[in-house]
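File shown: my_file.pdb (PDB, C-alpha atoms, pLDDT in the B column).
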ATOM      1  CA  MET A 118     140.197 -44.616  59.185  1.00 95.00           C
ATOM      2  CA  GLY A 119     140.981 -41.305  57.590  1.00 98.00           C
ATOM      3  CA  LEU A 120     143.424 -38.438  57.985  1.00 98.00           C
ATOM      4  CA  SER A 121     143.160 -34.741  57.211  1.00 98.00           C
ATOM      5  CA  THR A 122     146.136 -32.915  55.745  1.00 97.00           C
ATOM      6  CA  ALA A 123     145.381 -29.865  57.933  1.00 96.00           C
ATOM      7  CA  PRO A 124     148.604 -30.185  60.021  1.00 96.00           C
ATOM      8  CA  LEU A 125     150.576 -29.255  56.889  1.00 96.00           C
ATOM      9  CA  GLY A 126     148.943 -25.807  56.735  1.00 94.00           C
ATOM     10  CA  GLU A 127     147.706 -23.927  53.673  1.00 92.00           C
ATOM     11  CA  ARG A 128     148.475 -25.125  50.160  1.00 93.00           C
ATOM     12  CA  PRO A 129     151.380 -27.505  50.723  1.00 96.00           C
ATOM     13  CA  ALA A 130     153.049 -29.094  47.715  1.00 97.00           C
ATOM     14  CA  SER A 131     151.236 -32.215  46.569  1.00 97.00           C
ATOM     15  CA  GLU A 132     154.439 -34.275  46.653  1.00 97.00           C
ATOM     16  CA  ALA A 133     154.995 -33.179  50.265  1.00 97.00           C
ATOM     17  CA  VAL A 134     151.425 -34.217  51.127  1.00 98.00           C
ATOM     18  CA  LEU A 135     151.908 -37.640  49.556  1.00 98.00           C
ATOM     19  CA  GLY A 136     155.197 -38.197  51.354  1.00 97.00           C
ATOM     20  CA  TRP A 137     153.656 -37.149  54.682  1.00 97.00           C
ATOM     21  CA  LEU A 138     150.697 -39.486  54.227  1.00 97.00           C
ATOM     22  CA  ASP A 139     153.001 -42.407  53.409  1.00 97.00           C
ATOM     23  CA  ALA A 140     153.800 -42.632  57.125  1.00 96.00           C
ATOM     24  CA  TRP A 141     150.218 -43.739  57.888  1.00 97.00           C
ATOM     25  CA  ARG A 142     148.581 -44.865  54.609  1.00 96.00           C
ATOM     26  CA  PRO A 143     145.027 -43.872  55.604  1.00 98.00           C
ATOM     27  CA  ASP A 144     142.044 -45.486  53.904  1.00 97.00           C
ATOM     28  CA  VAL A 145     140.537 -42.063  53.187  1.00 98.00           C
ATOM     29  CA  VAL A 146     142.030 -38.559  53.040  1.00 98.00           C
ATOM     30  CA  VAL A 147     140.545 -35.109  53.553  1.00 98.00           C
ATOM     31  CA  VAL A 148     142.498 -32.126  52.216  1.00 97.00           C
ATOM     32  CA  GLY A 149     142.294 -29.615  55.031  1.00 94.00           C
ATOM     33  CA  HIS A 150     143.647 -26.355  53.581  1.00 92.00           C
ATOM     34  CA  GLY A 151     144.133 -26.901  49.872  1.00 93.00           C
ATOM     35  CA  ALA A 152     147.179 -28.141  47.979  1.00 95.00           C
ATOM     36  CA  ASP A 153     149.003 -27.266  44.805  1.00 95.00           C
ATOM     37  CA  ARG A 154     148.596 -29.525  41.739  1.00 96.00           C
ATOM     38  CA  PRO A 155     145.317 -31.131  42.859  1.00 97.00           C
ATOM     39  CA  THR A 156     145.249 -33.463  39.854  1.00 98.00           C
ATOM     40  CA  ARG A 157     148.653 -34.858  40.817  1.00 98.00           C
ATOM     41  CA  LEU A 158     147.548 -35.242  44.433  1.00 98.00           C
ATOM     42  CA  GLY A 159     144.441 -37.189  43.455  1.00 98.00           C
ATOM     43  CA  GLU A 160     146.432 -39.467  41.169  1.00 98.00           C
ATOM     44  CA  GLY A 161     149.009 -40.128  43.866  1.00 98.00           C
ATOM     45  CA  LEU A 162     146.389 -41.030  46.437  1.00 98.00           C
ATOM     46  CA  ARG A 163     144.628 -43.427  44.089  1.00 97.00           C
ATOM     47  CA  ALA A 164     147.953 -45.086  43.268  1.00 97.00           C
ATOM     48  CA  ARG A 165     148.417 -45.668  47.004  1.00 97.00           C
ATOM     49  CA  GLY A 166     144.955 -47.148  47.428  1.00 97.00           C
ATOM     50  CA  SER A 167     143.582 -44.160  49.392  1.00 97.00           C
ATOM     51  CA  ARG A 168     140.270 -42.499  48.579  1.00 97.00           C
ATOM     52  CA  LEU A 169     140.134 -38.694  48.492  1.00 98.00           C
ATOM     53  CA  LEU A 170     137.009 -38.283  50.570  1.00 98.00           C
ATOM     54  CA  GLY A 171     136.889 -34.524  51.030  1.00 97.00           C
ATOM     55  CA  TRP A 172     138.367 -31.180  50.047  1.00 97.00           C
ATOM     56  CA  ALA A 173     137.710 -28.515  52.670  1.00 93.00           C
ATOM     57  CA  VAL A 174     137.235 -24.886  51.671  1.00 89.00           C
ATOM     58  CA  PRO A 175     140.132 -23.150  53.450  1.00 72.00           C
ATOM     59  CA  GLY A 176     139.655 -20.077  55.581  1.00 62.00           C
ATOM     60  CA  THR A 177     138.210 -18.915  58.862  1.00 56.00           C
ATOM     61  CA  SER A 178     135.218 -20.156  60.822  1.00 60.00           C
ATOM     62  CA  GLU A 179     132.922 -18.050  58.623  1.00 68.00           C
ATOM     63  CA  ALA A 180     130.895 -19.479  55.759  1.00 74.00           C
ATOM     64  CA  PRO A 181     132.945 -19.250  52.546  1.00 77.00           C
ATOM     65  CA  ASP A 182     132.372 -16.457  50.081  1.00 84.00           C
ATOM     66  CA  GLU A 183     131.521 -17.290  46.488  1.00 85.00           C
ATOM     67  CA  GLY A 184     135.096 -16.948  45.238  1.00 88.00           C
ATOM     68  CA  ARG A 185     136.674 -19.292  47.767  1.00 88.00           C
ATOM     69  CA  LEU A 186     133.878 -21.799  47.344  1.00 92.00           C
ATOM     70  CA  GLU A 187     134.227 -21.860  43.556  1.00 93.00           C
ATOM     71  CA  ALA A 188     138.026 -22.171  43.721  1.00 93.00           C
ATOM     72  CA  ALA A 189     137.862 -25.077  46.169  1.00 94.00           C
ATOM     73  CA  ALA A 190     135.158 -26.801  44.128  1.00 95.00           C
ATOM     74  CA  ASP A 191     137.337 -26.562  41.005  1.00 97.00           C
ATOM     75  CA  GLU A 192     140.353 -28.039  42.800  1.00 97.00           C
ATOM     76  CA  ALA A 193     138.231 -30.785  44.357  1.00 97.00           C
ATOM     77  CA  SER A 194     136.885 -31.694  40.926  1.00 97.00           C
ATOM     78  CA  ARG A 195     140.389 -31.924  39.454  1.00 97.00           C
ATOM     79  CA  ALA A 196     141.527 -34.111  42.356  1.00 98.00           C
ATOM     80  CA  ARG A 197     138.321 -36.203  42.085  1.00 98.00           C
ATOM     81  CA  ALA A 198     137.338 -35.645  45.721  1.00 98.00           C
ATOM     82  CA  SER A 199     134.000 -37.106  46.783  1.00 98.00           C
ATOM     83  CA  TRP A 200     132.919 -34.038  48.804  1.00 98.00           C
ATOM     84  CA  VAL A 201     133.660 -30.337  49.205  1.00 97.00           C
ATOM     85  CA  ALA A 202     133.412 -29.413  52.897  1.00 96.00           C
ATOM     86  CA  VAL A 203     132.180 -25.965  53.963  1.00 95.00           C
ATOM     87  CA  ARG A 204     131.548 -24.235  57.283  1.00 92.00           C
ATOM     88  CA  GLY A 205     128.207 -22.748  58.170  1.00 91.00           C
ATOM     89  CA  GLY A 206     129.454 -19.592  59.858  1.00 89.00           C
ATOM     90  CA  ARG A 207     129.024 -18.069  63.283  1.00 88.00           C
ATOM     91  CA  ARG A 208     125.942 -17.985  65.467  1.00 86.00           C
ATOM     92  CA  PRO A 209     123.994 -14.679  65.476  1.00 83.00           C
ATOM     93  CA  ARG A 210     124.256 -12.459  68.519  1.00 82.00           C
ATOM     94  CA  GLU A 211     122.163 -13.396  71.508  1.00 78.00           C
ATOM     95  CA  GLY A 212     118.531 -12.508  70.963  1.00 71.00           C
ATOM     96  CA  GLU A 213     118.799 -12.501  67.158  1.00 81.00           C
ATOM     97  CA  ASP A 214     116.818 -14.979  65.072  1.00 88.00           C
ATOM     98  CA  SER A 215     119.026 -17.572  63.358  1.00 90.00           C
ATOM     99  CA  ALA A 216     116.535 -18.288  60.559  1.00 93.00           C
ATOM    100  CA  PRO A 217     117.681 -15.387  58.285  1.00 93.00           C
ATOM    101  CA  ALA A 218     121.312 -16.529  58.569  1.00 92.00           C
ATOM    102  CA  VAL A 219     120.336 -20.099  57.659  1.00 94.00           C
ATOM    103  CA  ASP A 220     118.366 -18.781  54.691  1.00 95.00           C
ATOM    104  CA  ARG A 221     121.364 -16.752  53.468  1.00 92.00           C
ATOM    105  CA  LEU A 222     123.589 -19.819  53.778  1.00 94.00           C
ATOM    106  CA  ALA A 223     121.069 -21.973  51.887  1.00 95.00           C
ATOM    107  CA  ARG A 224     120.969 -19.442  49.038  1.00 94.00           C
ATOM    108  CA  ARG A 225     124.774 -19.328  48.916  1.00 92.00           C
ATOM    109  CA  LEU A 226     125.024 -23.120  48.639  1.00 95.00           C
ATOM    110  CA  TYR A 227     122.077 -23.637  46.314  1.00 95.00           C
ATOM    111  CA  GLY A 228     123.830 -22.602  43.090  1.00 94.00           C
ATOM    112  CA  PRO A 229     126.875 -24.881  43.452  1.00 95.00           C
ATOM    113  CA  LEU A 230     124.674 -27.802  44.518  1.00 96.00           C
ATOM    114  CA  ARG A 231     122.446 -27.282  41.491  1.00 96.00           C
ATOM    115  CA  ARG A 232     125.543 -27.390  39.265  1.00 95.00           C
ATOM    116  CA  GLY A 233     126.513 -30.729  40.813  1.00 96.00           C
ATOM    117  CA  VAL A 234     129.161 -29.653  43.340  1.00 97.00           C
ATOM    118  CA  PRO A 235     129.023 -32.312  46.111  1.00 98.00           C
ATOM    119  CA  LEU A 236     128.885 -30.031  49.155  1.00 97.00           C
ATOM    120  CA  ALA A 237     128.901 -31.184  52.785  1.00 97.00           C
ATOM    121  CA  VAL A 238     128.483 -28.725  55.654  1.00 96.00           C
ATOM    122  CA  LEU A 239     130.398 -28.969  58.925  1.00 94.00           C
ATOM    123  CA  THR A 240     128.224 -29.195  62.034  1.00 93.00           C
ATOM    124  CA  GLY A 241     128.743 -26.445  64.580  1.00 87.00           C
ATOM    125  CA  GLY A 242     129.634 -26.032  68.231  1.00 87.00           C
ATOM    126  CA  ALA A 243     128.192 -23.615  70.771  1.00 86.00           C
ATOM    127  CA  GLY A 244     129.355 -20.525  68.894  1.00 87.00           C
ATOM    128  CA  ASP A 245     128.406 -21.692  65.405  1.00 90.00           C
ATOM    129  CA  LEU A 246     125.254 -21.221  63.364  1.00 91.00           C
ATOM    130  CA  LEU A 247     124.377 -24.837  62.687  1.00 91.00           C
ATOM    131  CA  GLY A 248     122.860 -26.311  65.806  1.00 88.00           C
ATOM    132  CA  ALA A 249     120.468 -29.230  65.548  1.00 89.00           C
ATOM    133  CA  ASP A 250     117.466 -27.108  64.534  1.00 91.00           C
ATOM    134  CA  GLU A 251     119.356 -24.914  62.076  1.00 94.00           C
ATOM    135  CA  LEU A 252     121.050 -27.904  60.463  1.00 95.00           C
ATOM    136  CA  GLY A 253     117.657 -29.573  60.073  1.00 95.00           C
ATOM    137  CA  TRP A 254     116.244 -26.517  58.297  1.00 96.00           C
ATOM    138  CA  LEU A 255     119.236 -26.396  55.957  1.00 96.00           C
ATOM    139  CA  LEU A 256     119.045 -30.088  55.090  1.00 97.00           C
ATOM    140  CA  ASP A 257     115.314 -29.782  54.410  1.00 97.00           C
ATOM    141  CA  ASP A 258     115.986 -26.889  52.013  1.00 96.00           C
ATOM    142  CA  LEU A 259     118.922 -28.588  50.250  1.00 97.00           C
ATOM    143  CA  PRO A 260     118.278 -32.328  49.708  1.00 97.00           C
ATOM    144  CA  ALA A 261     121.665 -32.881  48.014  1.00 97.00           C
ATOM    145  CA  LEU A 262     123.693 -31.377  50.872  1.00 98.00           C
ATOM    146  CA  GLY A 263     125.858 -33.726  52.942  1.00 98.00           C
ATOM    147  CA  VAL A 264     127.102 -33.386  56.523  1.00 97.00           C
ATOM    148  CA  VAL A 265     130.547 -33.544  58.105  1.00 97.00           C
ATOM    149  CA  PHE A 266     129.719 -34.431  61.692  1.00 96.00           C
ATOM    150  CA  ASP A 267     132.109 -32.767  64.154  1.00 95.00           C
ATOM    151  CA  VAL A 268     131.958 -34.920  67.284  1.00 95.00           C
ATOM    152  CA  ALA A 269     133.682 -32.376  69.564  1.00 94.00           C
ATOM    153  CA  ALA A 270     131.375 -29.608  68.345  1.00 92.00           C
ATOM    154  CA  ALA A 271     128.304 -31.728  69.092  1.00 93.00           C
ATOM    155  CA  VAL A 272     129.538 -32.446  72.620  1.00 93.00           C
ATOM    156  CA  GLU A 273     130.326 -28.758  73.154  1.00 90.00           C
ATOM    157  CA  ARG A 274     126.913 -27.607  71.973  1.00 90.00           C
ATOM    158  CA  ALA A 275     125.029 -30.111  74.134  1.00 92.00           C
ATOM    159  CA  ARG A 276     127.074 -29.084  77.167  1.00 90.00           C
ATOM    160  CA  ASP A 277     127.077 -25.304  76.708  1.00 89.00           C
ATOM    161  CA  VAL A 278     123.789 -24.364  75.019  1.00 85.00           C
ATOM    162  CA  GLY A 279     121.655 -27.495  75.327  1.00 84.00           C
ATOM    163  CA  GLY A 280     120.272 -29.741  72.630  1.00 83.00           C
ATOM    164  CA  PRO A 281     120.734 -33.436  71.838  1.00 90.00           C
ATOM    165  CA  GLU A 282     123.722 -35.421  73.045  1.00 92.00           C
ATOM    166  CA  ALA A 283     126.289 -36.200  70.338  1.00 93.00           C
ATOM    167  CA  PRO A 284     125.060 -39.749  69.526  1.00 93.00           C
ATOM    168  CA  ASP A 285     121.473 -38.523  69.199  1.00 94.00           C
ATOM    169  CA  ALA A 286     122.555 -35.551  67.073  1.00 94.00           C
ATOM    170  CA  LEU A 287     124.392 -37.963  64.779  1.00 95.00           C
ATOM    171  CA  ALA A 288     121.373 -40.274  64.546  1.00 94.00           C
ATOM    172  CA  SER A 289     119.155 -37.379  63.422  1.00 95.00           C
ATOM    173  CA  VAL A 290     121.317 -36.703  60.320  1.00 96.00           C
ATOM    174  CA  LEU A 291     122.854 -40.123  59.797  1.00 95.00           C
ATOM    175  CA  THR A 292     121.666 -40.657  56.219  1.00 95.00           C
ATOM    176  CA  ARG A 293     123.426 -37.460  55.148  1.00 97.00           C
ATOM    177  CA  VAL A 294     126.779 -37.920  56.924  1.00 97.00           C
ATOM    178  CA  ALA A 295     129.902 -38.027  54.731  1.00 97.00           C
ATOM    179  CA  TRP A 296     132.377 -38.568  57.580  1.00 97.00           C
ATOM    180  CA  LEU A 297     132.994 -38.015  61.292  1.00 97.00           C
ATOM    181  CA  ARG A 298     135.493 -35.320  62.209  1.00 96.00           C
ATOM    182  CA  VAL A 299     137.738 -36.503  65.040  1.00 97.00           C
ATOM    183  CA  ALA A 300     139.757 -34.067  67.177  1.00 96.00           C
ATOM    184  CA  GLY A 301     139.797 -32.716  70.714  1.00 95.00           C
ATOM    185  CA  ARG A 302     139.337 -29.215  72.108  1.00 87.00           C
ATOM    186  CA  THR A 303     141.811 -27.429  74.365  1.00 81.00           C
ATOM    187  CA  SER A 304     140.699 -25.676  77.562  1.00 73.00           C
ATOM    188  CA  SER A 305     140.679 -22.415  75.571  1.00 76.00           C
ATOM    189  CA  GLY A 306     138.369 -23.926  72.942  1.00 74.00           C
ATOM    190  CA  ARG A 307     140.972 -24.334  70.202  1.00 83.00           C
ATOM    191  CA  GLU A 308     139.964 -26.916  67.610  1.00 88.00           C
ATOM    192  CA  GLY A 309     142.182 -29.642  66.227  1.00 93.00           C
ATOM    193  CA  ALA A 310     143.784 -30.845  69.447  1.00 95.00           C
ATOM    194  CA  HIS A 311     144.691 -34.466  70.186  1.00 96.00           C
ATOM    195  CA  PRO A 312     141.367 -36.310  70.602  1.00 96.00           C
ATOM    196  CA  GLU A 313     142.174 -37.114  74.231  1.00 94.00           C
ATOM    197  CA  GLU A 314     142.118 -33.407  75.108  1.00 93.00           C
ATOM    198  CA  GLY A 315     138.884 -31.919  76.406  1.00 89.00           C
ATOM    199  CA  GLY A 316     137.490 -34.966  78.182  1.00 88.00           C
ATOM    200  CA  LEU A 317     135.305 -36.024  75.257  1.00 91.00           C
ATOM    201  CA  PRO A 318     133.289 -39.240  75.736  1.00 91.00           C
ATOM    202  CA  TRP A 319     134.768 -41.082  72.776  1.00 94.00           C
ATOM    203  CA  GLY A 320     134.093 -44.537  74.195  1.00 91.00           C
ATOM    204  CA  THR A 321     130.374 -43.871  74.643  1.00 90.00           C
ATOM    205  CA  PHE A 322     130.141 -42.254  71.229  1.00 91.00           C
ATOM    206  CA  SER A 323     131.983 -45.123  69.558  1.00 91.00           C
ATOM    207  CA  ASP A 324     129.666 -47.667  71.146  1.00 90.00           C
ATOM    208  CA  ARG A 325     126.609 -45.889  69.738  1.00 89.00           C
ATOM    209  CA  ALA A 326     127.939 -44.721  66.356  1.00 89.00           C
ATOM    210  CA  PRO A 327     127.009 -46.972  63.421  1.00 88.00           C
ATOM    211  CA  ARG A 328     129.787 -49.016  61.866  1.00 87.00           C
ATOM    212  CA  GLY A 329     130.945 -48.096  58.392  1.00 89.00           C
ATOM    213  CA  LEU A 330     131.198 -44.311  58.795  1.00 93.00           C
ATOM    214  CA  PRO A 331     134.687 -42.942  58.085  1.00 96.00           C
ATOM    215  CA  TRP A 332     136.428 -41.460  61.142  1.00 97.00           C
ATOM    216  CA  VAL A 333     138.801 -38.716  59.956  1.00 98.00           C
ATOM    217  CA  LEU A 334     141.504 -37.418  62.295  1.00 98.00           C
ATOM    218  CA  ASP A 335     141.586 -33.639  61.749  1.00 97.00           C
ATOM    219  CA  LEU A 336     144.377 -32.013  63.764  1.00 96.00           C
ATOM    220  CA  ALA A 337     145.342 -28.336  63.774  1.00 94.00           C
ATOM    221  CA  PRO A 338     147.847 -26.743  61.383  1.00 94.00           C
ATOM    222  CA  GLY A 339     151.372 -27.126  62.676  1.00 95.00           C
ATOM    223  CA  THR A 340     150.698 -30.282  64.701  1.00 96.00           C
ATOM    224  CA  PRO A 341     154.039 -32.149  64.780  1.00 96.00           C
ATOM    225  CA  SER A 342     154.241 -35.553  63.144  1.00 96.00           C
ATOM    226  CA  ASP A 343     154.931 -37.383  66.407  1.00 97.00           C
ATOM    227  CA  GLU A 344     151.652 -36.059  67.835  1.00 96.00           C
ATOM    228  CA  VAL A 345     149.838 -37.019  64.618  1.00 98.00           C
ATOM    229  CA  ASP A 346     151.342 -40.486  64.984  1.00 97.00           C
ATOM    230  CA  ASP A 347     150.181 -40.805  68.595  1.00 97.00           C
ATOM    231  CA  ALA A 348     146.665 -39.614  67.713  1.00 97.00           C
ATOM    232  CA  TRP A 349     146.563 -41.993  64.728  1.00 97.00           C
ATOM    233  CA  ARG A 350     147.387 -44.934  66.974  1.00 96.00           C
ATOM    234  CA  TRP A 351     144.756 -43.714  69.441  1.00 95.00           C
ATOM    235  CA  LEU A 352     142.156 -43.660  66.628  1.00 94.00           C
ATOM    236  CA  GLY A 353     143.128 -47.189  65.645  1.00 92.00           C
ATOM    237  CA  SER A 354     142.195 -48.374  69.142  1.00 89.00           C
ATOM    238  CA  PHE A 355     138.524 -47.769  68.298  1.00 79.00           C
TER     239      PHE A 355
END
Structure rendered as C-alpha cells:
Amino acid sequence: MGLSTAPLGERPASEAVLGWLDAWRPDVVVVGHGADRPTRLGEGLRARGSRLLGWAVPGTSEAPDEGRLEAAADEASRARASWVAVRGGRRPREGEDSAPAVDRLARRLYGPLRRGVPLAVLTGGAGDLLGADELGWLLDDLPALGVVFDVAAAVERARDVGGPEAPDALASVLTRVAWLRVAGRTSSGREGAHPEEGGLPWGTFSDRAPRGLPWVLDLAPGTPSDEVDDAWRWLGSF
C-alpha cells in the first residue's frame, strides 16, 4: 500500500511530509507536488522503512515542459526515487489526429530517458491524450518508459469514449506498470476524491488485478487528514 503526498500541496517542507506520513507508515510513497530538501526526505523515508516509489512532475494536466521535467528529475535523483511520473497532456480537438501529439510527447521524453531518467507516464481519461492506442504507440517508441495506471481514468475513458474496460487496459500494459493510482472522481470530474466517490467498480478491478502491484492512494491537494485516514482504511480493506 502506498500514499501520495499530494494532499499537502506544492513543495511542503520535508520534515512536515515525514511527520504527516508517520500517521500511516505506508510501504511506498509518491511525492505528488514536490518537496523542499529532497535528499533529506529520501533519507527520512528510508529510515522509516518506506520506499520512495515516485516523484511526480508538478503542474497542470498538460505534459511538462523541459524545464519542469529536468527540475523534477534532479530532485527525484537526489531523493533516490524509483520513478519520475509525468502526464501525457490533453486530447486533441475532435476530428484532429492524435498521432502528431503522441510523436511530440515521445520526442520530449526521449532525451531524459536516454540519459537514464526513469520516467513513467500517467494513463489518461476521456479528455487526455493517452488512450489505449496512443499509449501503445508511445510504449512501442520508448521501451524504457514506465506506466502509472490511473484506475479512475481507465474507467472514465471506457465509459465516455469507448475502449477496453479498466482490467483489460491494465493487462495490455502490465509489464510496464510502476504503480496503480487510486482515487475517485467527483460528479464534476475533479480528480483526487475519496475512492468511493464516482461509483468506480473497485471490487471487480481488485479481483482481476494481479497481486504485487503497488496501490497508491493519490488524493487532491488540501484533502483533510481525517479524510485521508478514512480512505487509507478503505484501501486496506482490499
* List the residues matched by the PyMOL selection byres ((chain A and resi 154) around 12) in the displayed structure as a ChimeraX atom specification, ordered by chain and then by residue number. => /A:128-135,151-153,155-161,191-196
query = Where does the PyMOL selection byres ((chain A and resi 147) around 10) land in this file, that is, which residues does it pick, as a PyMOL selection string?
reply = chain A and resi 119-123+145-146+148-151+168-173+198-202+296+333-335
### Task
Would you translate the PyMOL selection byres ((chain A and resi 342) around 12) into the concrete set of residues it matches in this file, as a PyMOL selection string?
chain A and resi 122-125+137-141+311+336-341+343-349
Those residues you just picked out, can you put them in a file as a CSV table (one decimal), in the coordinates of the input with C-alpha atoms?
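Heads up, here's the output in result-v5.csv:
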chain,number,residue,atom,x,y,z
A,122,THR,CA,146.1,-32.9,55.7
A,123,ALA,CA,145.4,-29.9,57.9
A,124,PRO,CA,148.6,-30.2,60.0
A,125,LEU,CA,150.6,-29.3,56.9
A,137,TRP,CA,153.7,-37.1,54.7
A,138,LEU,CA,150.7,-39.5,54.2
A,139,ASP,CA,153.0,-42.4,53.4
A,140,ALA,CA,153.8,-42.6,57.1
A,141,TRP,CA,150.2,-43.7,57.9
A,311,HIS,CA,144.7,-34.5,70.2
A,336,LEU,CA,144.4,-32.0,63.8
A,337,ALA,CA,145.3,-28.3,63.8
A,338,PRO,CA,147.8,-26.7,61.4
A,339,GLY,CA,151.4,-27.1,62.7
A,340,THR,CA,150.7,-30.3,64.7
A,341,PRO,CA,154.0,-32.1,64.8
A,343,ASP,CA,154.9,-37.4,66.4
A,344,GLU,CA,151.7,-36.1,67.8
A,345,VAL,CA,149.8,-37.0,64.6
A,346,ASP,CA,151.3,-40.5,65.0
A,347,ASP,CA,150.2,-40.8,68.6
A,348,ALA,CA,146.7,-39.6,67.7
A,349,TRP,CA,146.6,-42.0,64.7
Val268 of chain A proximity check over A:Leu297, A:Ala189, A:Ala180, A:Leu222, using all atoms listed in the file: winner is A:Leu297
Enclose the full set of atoms of segment 214-230 of chain A listed in the file within a box whose edges lie along x, y and z, apply 5 Å of padding to each of the six sides, and report centre and edge lengths in Å to one decimal as JSON.
{"center_x": 121.7, "center_y": -21.4, "center_z": 54.1, "size_x": 20.3, "size_y": 22.8, "size_z": 32.0}
- Could you pull the residues within 12 Å of segment 280-289 of chain A, counting only C-alpha atoms, minus those fewer than 4 positions along the same chain, as a PyMOL selection string? chain A and resi 240-243+247-253+256+264-276+293-298+317-327+330
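If you measure from each of A:Glu127, A:Glu314, A:Glu211, A:Asp220 to Val278 of chain A using all atoms listed in the file, the closest one turns out to be A:Glu211.
Using all atoms listed in the file, the shortest contact distance between Leu291 of chain A and any of A:Arg142, A:Gly263, A:Arg207, A:Leu230 is found at A:Gly263.
Distance annotation: of A:Ala216, A:Trp332, A:Gly136, A:Gly315, the residue with the minimal separation from Gly353 of chain A is A:Trp332; atom set is only C-alpha atoms.
For the atom pair formed by atom CA of Ala300 of chain A and atom CA of Pro235 of chain A, the distance is 23.7 Å, given to one decimal.
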Atom CA of Gly126 of chain A sits from atom CA of Arg163 of chain A at a separation of 22.1 Å
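Here atom CA of Ser305 of chain A stands at a distance of 23.1 Å from atom CA of Leu352 of chain A.
Near segment 259-262 of chain A, within a cut-off of 9 Å and counting all atoms listed in the file, sit the residues Ala223, Leu226, Tyr227, Leu230, Arg231, Gly233, Pro235, Leu236, Ala237, Val238, Trp254, Leu255 and Arg293 of chain A, with same-chain residues fewer than 4 positions away left out.
Remark: for Val299 of chain A, the closest of the candidate residues A:Ala188, A:Pro331, A:Asp277, A:Arg350 is A:Pro331 (distances computed over only C-alpha atoms).
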Q: Tell me which protein, DNA and RNA residues are within 12 Å of Asp182 of chain A, counting only C-alpha atoms, leaving out same-chain ones fewer than 3 positions away, and put them as a ChimeraX atom specification.
A: /A:174-179,185-189,203-206,221-222,224-226
